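Asker: My file is coords.txt. It has compact mmCIF, C-alpha atoms and all ligand atoms:
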```txt
# COMPACT_ATOMS: atom_id res chain seq x y z
CA TYR A 1 0.00 0.00 0.00
CA GLN A 2 2.84 2.40 -0.69
CA ASN A 3 0.80 4.86 -2.71
CA ASN A 4 -2.75 3.87 -2.04
CA PHE A 5 -2.91 3.24 1.68
CA SER A 6 -6.37 2.18 2.75
CA TRP A 7 -7.42 2.50 6.39
CA GLU A 8 -10.13 -0.06 5.79
CA ASP A 9 -7.70 -2.79 4.73
CA TYR A 10 -5.10 -1.73 7.28
CA LEU A 11 -7.53 -1.77 10.20
CA LYS A 12 -8.70 -5.21 9.10
CA GLU A 13 -5.11 -6.45 8.88
CA THR A 14 -4.02 -5.00 12.20
CA GLY A 15 -7.28 -5.33 14.09
CA GLY A 16 -7.02 -1.65 15.00
CA VAL A 17 -9.81 0.67 16.16
CA PRO A 18 -9.91 4.26 14.88
CA ALA A 19 -10.12 6.99 17.53
CA PRO A 20 -13.60 8.58 17.40
CA HIS A 21 -14.07 12.00 15.76
CA THR A 22 -15.30 13.40 19.07
CA ALA A 23 -11.86 12.85 20.62
CA PHE A 24 -10.26 15.42 18.31
CA LYS A 25 -10.35 19.20 18.36
CA GLN A 26 -10.37 19.06 14.55
CA PRO A 27 -13.84 19.44 12.95
CA SER A 28 -15.29 16.23 11.48
CA SER A 29 -14.82 17.56 7.97
CA PRO A 30 -11.76 19.65 7.18
CA PRO A 31 -12.42 23.38 6.57
CA ALA A 32 -11.99 24.83 3.06
CA ASN A 33 -8.62 26.35 2.34
CA GLU A 34 -9.10 29.76 0.70
CA PHE A 35 -5.51 30.88 1.11
CA LYS A 36 -3.18 31.13 -1.88
CA VAL A 37 0.57 30.86 -2.19
CA GLY A 38 2.12 34.32 -1.91
CA MET A 39 -0.50 35.78 0.42
CA LYS A 40 0.69 37.48 3.60
CA LEU A 41 -0.71 37.25 7.10
CA GLU A 42 0.37 37.67 10.71
CA ALA A 43 1.67 34.68 12.65
CA GLN A 44 3.40 34.04 15.92
CA ASP A 45 7.07 33.28 15.51
CA PRO A 46 7.15 29.59 16.58
CA ARG A 47 10.66 30.06 17.92
CA ASN A 48 9.76 33.19 19.89
CA ILE A 49 6.04 33.05 20.61
CA THR A 50 5.82 36.51 22.15
CA SER A 51 6.53 37.99 18.69
CA THR A 52 3.88 38.48 16.04
CA CYS A 53 5.51 38.54 12.61
CA VAL A 54 4.60 38.90 8.95
CA ALA A 55 4.46 35.54 7.21
CA THR A 56 4.07 34.52 3.59
CA ILE A 57 2.22 31.41 2.49
CA VAL A 58 4.70 29.23 0.64
CA GLY A 59 2.65 26.04 0.38
CA LEU A 60 -0.81 24.57 0.76
CA GLN A 61 -1.89 21.09 1.84
CA GLY A 62 -5.58 20.40 2.43
CA PRO A 63 -6.63 22.65 5.35
CA ARG A 64 -2.97 23.47 6.16
CA VAL A 65 -0.76 26.34 5.05
CA ARG A 66 3.02 26.33 5.01
CA LEU A 67 4.38 29.62 6.35
CA ARG A 68 7.70 31.44 6.09
CA LEU A 69 8.42 34.52 8.18
CA ASP A 70 9.32 37.62 6.16
CA GLY A 71 12.91 38.62 6.84
CA GLY A 72 13.76 35.16 8.17
CA ASP A 73 15.33 32.21 6.37
CA ASN A 74 13.78 29.34 4.46
CA LYS A 75 14.94 26.71 6.96
CA ASN A 76 12.27 27.35 9.57
CA ASP A 77 9.01 27.02 7.65
CA PHE A 78 6.08 25.85 9.73
CA TRP A 79 2.54 24.67 9.12
CA ARG A 80 -0.76 25.94 10.50
CA LEU A 81 -4.36 24.90 9.99
CA VAL A 82 -6.65 27.48 8.36
CA ASP A 83 -8.72 27.45 11.57
CA SER A 84 -5.72 28.00 13.84
CA SER A 85 -6.01 30.87 16.31
CA ASP A 86 -2.39 31.83 15.86
CA ILE A 87 -2.72 33.14 12.34
CA LYS A 88 -4.38 36.53 11.79
CA PRO A 89 -5.00 38.93 8.92
CA ILE A 90 -2.48 41.73 8.39
CA GLY A 91 -3.47 44.65 10.62
CA TRP A 92 -4.69 42.53 13.54
CA CYS A 93 -1.66 43.13 15.74
CA GLU A 94 -1.73 46.89 15.30
CA LYS A 95 -5.48 47.00 15.91
CA HIS A 96 -4.87 45.24 19.22
CA GLY A 97 -2.17 47.60 20.35
CA GLY A 98 0.79 45.45 19.32
CA LEU A 99 3.71 45.96 16.98
CA LEU A 100 4.88 43.58 14.30
CA GLN A 101 8.30 42.20 15.22
CA PRO A 102 11.21 40.94 13.15
CA PRO A 103 11.49 37.12 13.25
CA LEU A 104 14.15 35.43 15.33
CA GLY A 105 17.23 35.42 13.11
CA PHE A 106 16.14 38.51 11.12
CA ARG A 107 18.67 38.53 8.30
CA MET A 108 19.29 42.29 8.37
CA ASN A 109 20.38 44.84 10.88
CA ALA A 110 17.66 45.37 13.52
CA SER A 111 17.59 49.09 12.71
CA SER A 112 16.43 48.33 9.18
CA TRP A 113 13.31 46.54 10.43
CA PRO A 114 10.80 49.44 10.08
CA MET A 115 11.88 50.03 6.47
CA PHE A 116 11.88 46.29 5.74
CA LEU A 117 8.34 46.02 7.11
CA LEU A 118 7.09 48.86 4.90
CA ARG A 119 8.70 47.31 1.83
CA THR A 120 7.52 43.78 2.48
CA LEU A 121 3.90 44.90 2.95
CA ASN A 122 3.89 47.44 0.13
CA GLY A 123 1.84 46.05 -2.73
CA ALA A 124 1.65 42.60 -1.11
CA GLU A 125 -1.37 40.39 -1.47
CA MET A 126 -2.95 40.22 1.98
CA ALA A 127 -4.82 37.04 2.93
CA PRO A 128 -8.54 37.96 3.04
CA LEU A 129 -10.47 37.85 6.32
CA LYS A 130 -12.82 35.13 5.04
CA ALA A 131 -9.91 32.69 4.64
CA PHE A 132 -9.35 32.63 8.43
CA LYS A 133 -11.72 30.05 9.86
CA LYS A 134 -13.02 30.04 13.38
CA GLU A 135 -11.09 27.85 15.77
CA PRO A 136 -13.13 24.74 16.67
CA PRO A 137 -14.05 24.06 20.30
CA THR A 138 -11.93 21.74 22.43
CA PRO A 139 -13.46 18.40 23.48
CA LYS A 140 -14.35 18.50 27.18
CA SER A 141 -12.03 15.69 28.16
CA ASN A 142 -9.39 13.34 26.88
CA LEU A 143 -11.37 10.61 25.10
CA PHE A 144 -8.35 8.84 23.62
CA GLU A 145 -7.58 5.29 24.65
CA VAL A 146 -4.49 3.19 24.21
CA ASN A 147 -4.35 1.39 20.82
CA MET A 148 -6.67 3.77 19.00
CA LYS A 149 -5.51 4.66 15.48
CA LEU A 150 -5.20 8.15 14.07
CA GLU A 151 -3.41 10.28 11.48
CA ALA A 152 -0.62 12.44 12.87
CA VAL A 153 1.83 15.07 11.66
CA ASP A 154 5.40 13.80 11.74
CA ARG A 155 6.90 16.72 13.68
CA LYS A 156 10.38 16.00 12.33
CA ASN A 157 9.02 16.10 8.77
CA PRO A 158 5.96 18.32 9.25
CA HIS A 159 4.83 18.09 5.62
CA LEU A 160 4.14 14.38 6.26
CA ILE A 161 1.01 12.97 7.86
CA CYS A 162 1.28 9.33 8.84
CA PRO A 163 -0.79 6.51 10.35
CA ALA A 164 -0.20 6.30 14.09
CA THR A 165 -1.40 4.64 17.26
CA VAL A 166 -2.11 6.03 20.72
CA ALA A 167 0.54 4.20 22.71
CA ALA A 168 -0.18 5.80 26.10
CA VAL A 169 -2.60 8.22 27.72
CA ARG A 170 -1.72 10.39 30.70
CA ASP A 171 -4.02 13.16 31.98
CA ASN A 172 -4.51 15.61 29.10
CA GLN A 173 -1.86 14.02 26.94
CA ILE A 174 -1.46 11.14 24.54
CA PHE A 175 1.66 9.45 23.23
CA VAL A 176 1.55 9.29 19.44
CA SER A 177 3.49 6.34 18.05
CA PHE A 178 4.04 6.08 14.30
CA ASP A 179 3.12 2.74 12.80
CA GLY A 180 6.05 0.87 11.36
CA TRP A 181 8.74 3.19 12.71
CA ARG A 182 10.95 2.44 15.69
CA GLY A 183 10.15 5.40 17.88
CA ALA A 184 12.43 8.26 16.84
CA PHE A 185 9.41 10.19 15.53
CA ASP A 186 7.00 9.50 18.41
CA TYR A 187 5.84 12.30 20.69
CA TRP A 188 3.58 13.31 23.57
CA CYS A 189 0.95 15.92 22.77
CA ASP A 190 -2.17 17.39 24.33
CA TYR A 191 -5.40 15.66 23.31
CA ASP A 192 -6.52 18.90 21.64
CA SER A 193 -3.32 19.16 19.54
CA ARG A 194 -3.72 20.54 16.02
CA ASP A 195 -1.34 17.86 14.72
CA ILE A 196 -3.59 14.82 15.11
CA PHE A 197 -6.54 13.86 12.95
CA ALA A 198 -9.19 11.16 12.77
CA CYS A 199 -8.56 8.28 10.34
CA GLY A 200 -9.86 9.32 6.94
CA THR A 201 -9.14 13.04 7.32
CA CYS A 202 -6.29 13.03 4.78
CA SER A 203 -8.40 11.27 2.23
CA MET A 204 -11.25 13.81 2.76
CA ALA A 205 -8.78 16.68 2.47
CA ALA A 206 -6.96 15.19 -0.53
CA ILE A 207 -3.70 15.00 1.40
CA HIS A 208 -1.36 12.12 0.67
CA LEU A 209 -1.26 9.97 3.81
CA GLN A 210 2.11 8.25 4.14
CA ALA A 211 2.06 4.47 4.32
CA PRO A 212 3.19 2.92 7.62
CA GLY A 213 6.93 2.32 7.83
CA GLN A 214 8.48 -1.09 7.28
CA LYS A 215 10.66 -1.23 10.33
CA GLY A 216 10.19 -4.20 12.59
CA ASN A 217 12.14 -5.30 15.61
CA ILE A 218 15.70 -6.13 14.74
CA PHE A 219 17.98 -9.07 15.23
CA ILE A 220 21.60 -8.19 15.22
CA VAL A 221 23.98 -10.75 13.74
CA VAL A 222 27.56 -9.83 14.39
CA HIS A 223 30.47 -11.51 12.63
CA PHE A 224 33.87 -10.59 13.95
CA ARG A 225 37.07 -11.39 12.16
CA ALA A 226 40.29 -10.36 13.82
CA LYS A 227 42.06 -7.35 12.31
CA THR A 228 39.80 -7.06 9.26
CA THR A 229 36.71 -5.15 8.43
CA SER A 230 33.74 -7.03 9.73
CA THR A 231 30.16 -6.87 8.62
CA HIS A 232 27.26 -6.80 11.00
CA SER A 233 23.93 -7.71 9.51
CA LEU A 234 20.85 -6.12 10.97
CA ILE A 235 17.92 -8.22 9.94
CA THR A 236 14.54 -6.69 10.53
CA VAL A 237 11.46 -8.78 11.08
CA GLY A 238 9.86 -7.03 8.12
CA GLY A 239 12.51 -8.71 6.00
CA ASP A 240 14.92 -5.93 5.08
CA VAL A 241 18.54 -6.72 5.79
CA GLN A 242 21.00 -3.95 6.39
CA SER A 243 24.68 -4.32 6.87
CA LEU A 244 27.06 -2.14 8.78
CA SER A 245 30.79 -2.44 8.34
CA ILE A 246 33.21 -1.36 11.02
CA PRO A 247 36.95 -0.94 10.68
CA THR A 248 38.20 -3.28 13.39
CA PRO A 249 36.56 -5.44 16.00
CA ASP A 250 38.25 -3.57 18.82
CA ASN A 251 36.54 -0.36 17.78
CA LEU A 252 33.16 -1.33 19.15
CA SER A 253 32.14 2.24 19.92
CA VAL A 254 32.07 2.92 16.18
CA PHE A 255 29.71 0.00 15.78
CA TRP A 256 27.41 1.21 18.55
CA ASN A 257 27.33 4.72 17.09
CA MET A 258 26.42 3.37 13.67
CA LEU A 259 23.75 1.21 15.24
CA ASP A 260 22.31 4.23 17.06
CA LYS A 261 22.22 6.14 13.79
CA PHE A 262 20.51 3.21 12.06
CA LEU A 263 17.85 2.96 14.76
CA GLU A 264 17.11 6.69 14.50
CA ASP A 265 15.06 6.32 11.32
N1 LIG B 301 13.51 10.62 5.74
C1 LIG B 301 12.86 9.76 6.67
C2 LIG B 301 11.38 9.99 6.73
C3 LIG B 301 10.76 9.23 7.78
C4 LIG B 301 9.30 9.57 8.00
C5 LIG B 301 8.74 8.87 9.19
N2 LIG B 301 7.48 9.31 9.55
C6 LIG B 301 6.96 8.76 10.76
C7 LIG B 301 13.17 8.33 6.38
O1 LIG B 301 12.72 7.79 5.37
O2 LIG B 301 13.89 7.72 7.14
```
Please render this file's structure as structure tokens.
Ligand code: MLZ

Answerer:
Amino acid sequence: YQNNFSWEDYLKETGGVPAPHTAFKQPSSPPANEFKVGMKLEAQDPRNITSTCVATIVGLQGPRVRLRLDGGDNKNDFWRLVDSSDIKPIGWCEKHGGLLQPPLGFRMNASSWPMFLLRTLNGAEMAPLKAFKKEPPTPKSNLFEVNMKLEAVDRKNPHLICPATVAAVRDNQIFVSFDGWRGAFDYWCDYDSRDIFACGTCSMAAIHLQAPGQKGNIFIVVHFRAKTTSTHSLITVGGDVQSLSIPTPDNLSVFWNMLDKFLED
């Protein structure tokens, strides 16, 4: 199911239960995305949340927009839902007595900020008010249960949404575990997180849902030969075999470092 993942088949295969719609803050059908690439809006700087900055939409994905802060770099793009309360039309900050701030890592001299701001907004296409959807209400309590399935943003690769399982529940939080991956991508989040969606949301929103990973538990087969390069085969239950070569058997720390790296993703 690499390119046509089907929850129906997958749930049958794995015996999984989807988390109910009512457990999510997200509305049961994804809101329309009326933003366009190039439009500007105001957003909190995710790396410095007390700052409201000018952002440009650089990508669209279903009800999500990919944002880049004006004056910043292109390495810190972030995604927001069209019904997120931390995106606002241009003018909102000023109307509420605030001042637009340069992003963390502003690539010019701080003193050039006022001029930069004027220039970046001059003639820009402002995102229209109607594109900003009302934030949905938060469910009254944490309705998630261990083993429920969902779709979740991979926070290390936030353009990807992947099948996942609730692996633990604690107070207002859940532990999101990505199916078929060893754990490097898993995270705790609040039950009302904007990064988790009911099964079927991606298909409704025409977003490509990643297929589950292929990583199983591993067996490590180590062959040592004195004073020569040795090969260590890592055989995963899913069937893929990966080999690591290390320079000498007495340099075990190299082997362990390579193994750590391998287990990362
Ligand atoms: N580049 C990475 C992507 C992994 C995505 C995992 N998502 C849960 C890899 O292929 O290793």

Asker: Nearest to Asn157 (chain A): which of A:Ala43, A:Ala205, A:Ala184, A:Ala32 is it, counting only C-alpha atoms?

Answerer: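 Ranked by minimum distance to Asn157 (chain A), first place goes to A:Ala184.
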
Asker: Enumerate residues in contact with ligand LIG 301 (chain B): an atom-to-atom distance of at most 10 Å, counting all atoms listed in the file. Format the result as a PyMOL selection string.

Answerer: chain A and resi 152-164+177-186+210-213+262-265

Asker: Atoms to include: C-alpha atoms. Write the selected residues as a PDB file, in the coordinates of the input.

Answerer:
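Listing of out_2.pdb after writing:
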```pdb
ATOM      1  CA  ALA A 152      -0.620  12.440  12.870  1.00  0.00           C
ATOM      2  CA  VAL A 153       1.830  15.070  11.660  1.00  0.00           C
ATOM      3  CA  ASP A 154       5.400  13.800  11.740  1.00  0.00           C
ATOM      4  CA  ARG A 155       6.900  16.720  13.680  1.00  0.00           C
ATOM      5  CA  LYS A 156      10.380  16.000  12.330  1.00  0.00           C
ATOM      6  CA  ASN A 157       9.020  16.100   8.770  1.00  0.00           C
ATOM      7  CA  PRO A 158       5.960  18.320   9.250  1.00  0.00           C
ATOM      8  CA  HIS A 159       4.830  18.090   5.620  1.00  0.00           C
ATOM      9  CA  LEU A 160       4.140  14.380   6.260  1.00  0.00           C
ATOM     10  CA  ILE A 161       1.010  12.970   7.860  1.00  0.00           C
ATOM     11  CA  CYS A 162       1.280   9.330   8.840  1.00  0.00           C
ATOM     12  CA  PRO A 163      -0.790   6.510  10.350  1.00  0.00           C
ATOM     13  CA  ALA A 164      -0.200   6.300  14.090  1.00  0.00           C
ATOM     14  CA  SER A 177       3.490   6.340  18.050  1.00  0.00           C
ATOM     15  CA  PHE A 178       4.040   6.080  14.300  1.00  0.00           C
ATOM     16  CA  ASP A 179       3.120   2.740  12.800  1.00  0.00           C
ATOM     17  CA  GLY A 180       6.050   0.870  11.360  1.00  0.00           C
ATOM     18  CA  TRP A 181       8.740   3.190  12.710  1.00  0.00           C
ATOM     19  CA  ARG A 182      10.950   2.440  15.690  1.00  0.00           C
ATOM     20  CA  GLY A 183      10.150   5.400  17.880  1.00  0.00           C
ATOM     21  CA  ALA A 184      12.430   8.260  16.840  1.00  0.00           C
ATOM     22  CA  PHE A 185       9.410  10.190  15.530  1.00  0.00           C
ATOM     23  CA  ASP A 186       7.000   9.500  18.410  1.00  0.00           C
ATOM     24  CA  GLN A 210       2.110   8.250   4.140  1.00  0.00           C
ATOM     25  CA  ALA A 211       2.060   4.470   4.320  1.00  0.00           C
ATOM     26  CA  PRO A 212       3.190   2.920   7.620  1.00  0.00           C
ATOM     27  CA  GLY A 213       6.930   2.320   7.830  1.00  0.00           C
ATOM     28  CA  PHE A 262      20.510   3.210  12.060  1.00  0.00           C
ATOM     29  CA  LEU A 263      17.850   2.960  14.760  1.00  0.00           C
ATOM     30  CA  GLU A 264      17.110   6.690  14.500  1.00  0.00           C
ATOM     31  CA  ASP A 265      15.060   6.320  11.320  1.00  0.00           C
TER      32      ASP A 265
END
```

Asker: Please tabulate, as a Markdown table, the residues of region 114-219 of chain A that come within 8 Å of region 1-16 of chain A, each with its closest pair of atoms and the distance in Å to one decimal, counting only C-alpha atoms and ordering rows by chain, then residue number upward.

Answerer:
```
| residue | atom | partner | partner_atom | distance |
| --- | --- | --- | --- | --- |
| A:Asn147 | CA | A:Gly16 | CA | 7.1 |
| A:Met148 | CA | A:Gly16 | CA | 6.7 |
| A:Lys149 | CA | A:Gly16 | CA | 6.5 |
| A:Cys199 | CA | A:Trp7 | CA | 7.1 |
| A:Gly200 | CA | A:Trp7 | CA | 7.3 |
| A:Leu209 | CA | A:Phe5 | CA | 7.2 |
| A:Gln210 | CA | A:Phe5 | CA | 7.5 |
| A:Ala211 | CA | A:Gln2 | CA | 5.5 |
```

Asker: My list of candidates is A:Thr56, A:Ser112, A:Gln61, A:Asn122. Which is closest to Asn74 (chain A) when distances are computed with all atoms listed in the file?

Answerer: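 That would be A:Thr56, the residue with the smallest distance to Asn74 (chain A).
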
Asker: Choose the residue, out of A:Pro27, A:Gly59, A:Pro89, A:Pro103, that has the smallest atom-to-atom separation from Leu41 (chain A); count all atoms listed in the file.

Answerer: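 Comparing A:Pro27, A:Gly59, A:Pro89, A:Pro103 against Leu41 (chain A), the winner is A:Pro89.
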
Asker: Of the candidates A:Arg107, A:Arg64, A:Lys25, A:Lys140, which shows the shortest atom-to-atom distance to Cys202 (chain A), using only C-alpha atoms?

Answerer: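 Smallest distance to Cys202 (chain A) is found for A:Arg64.
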
Asker: Would you kindly return, as a ChimeraX atom specification, each protein, DNA or RNA residue with an atom no farther than 6 Å from any atom of Val37 (chain A), considering all atoms listed in the file and excluding same-chain residues fewer than 2 positions away?

Answerer: /A:39,57-59

Asker: Counting all atoms listed in the file, what is within 8 Å of region 188-197 of chain A, bar same-chain residues fewer than 2 positions away, as a list in words?

Answerer: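 That gives Ala23, Phe24, Lys25, Gln26, Leu81, Thr138, Pro139, Asn142, Phe144, Leu150, Glu151, Ala152, Val153, Asn172, Gln173, Ile174, Phe175, Val176, Asp186, Cys199 and Thr201 of chain A.
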
Asker: Suppose you want the space between CA of Trp92 (chain A) and CA of Cys53 (chain A); what is it in Å?

Answerer: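 About the pair CA of Trp92 (chain A) and CA of Cys53 (chain A): they are 11.0 Å apart.
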
Asker: Identify which of the residues A:Val146, A:Leu67, A:Met115, A:Val54 lies closest to Gln101 (chain A), counting only C-alpha atoms when measuring atom-to-atom distances.

Answerer: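 Nearest to Gln101 (chain A): A:Val54.
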
Asker: Could you pull the residues within 10 Å of Pro102 (chain A), counting only C-alpha atoms, minus those fewer than 4 positions along the same chain, as an MDAnalysis selection string?

Answerer: chainID A and resid 45 51:54 69:72 106:108 110 112:114 116:117

Asker: May I have the residues within 6 Å of Lys40 (chain A) as a PyMOL selection string, using only C-alpha atoms and disregarding those fewer than 5 positions away in the same chain?

Answerer: chain A and resi 55-56+126-127

Asker: Pull C-alpha atoms from the residues just selected and write them as a compact mmCIF listing (two decimals), in the frame of the given file.

Answerer:
```txt
# COMPACT_ATOMS: atom_id res chain seq x y z
CA ALA A 55 4.46 35.54 7.21
CA THR A 56 4.07 34.52 3.59
CA MET A 126 -2.95 40.22 1.98
CA ALA A 127 -4.82 37.04 2.93
```

Asker: I'd like the interatomic distance between CA of Ser29 (chain A) and CA of Pro63 (chain A), to a tenth of an Å.

Answerer: 10.0 Å

Asker: When you look at Glu145 (chain A) with a cut-off of 8 Å (counting only C-alpha atoms), what residues show up, excluding the ones that are within fewer than 2 positions of it in the same chain? I need them as a PDB file with C-alpha atoms, in the frame of the given file.

Answerer:
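New file around38.pdb:
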```pdb
ATOM      1  CA  ALA A  19     -10.120   6.990  17.530  1.00  0.00           C
ATOM      2  CA  LEU A 143     -11.370  10.610  25.100  1.00  0.00           C
ATOM      3  CA  ASN A 147      -4.350   1.390  20.820  1.00  0.00           C
ATOM      4  CA  MET A 148      -6.670   3.770  19.000  1.00  0.00           C
ATOM      5  CA  VAL A 166      -2.110   6.030  20.720  1.00  0.00           C
ATOM      6  CA  ALA A 168      -0.180   5.800  26.100  1.00  0.00           C
ATOM      7  CA  VAL A 169      -2.600   8.220  27.720  1.00  0.00           C
TER       8      VAL A 169
END
```
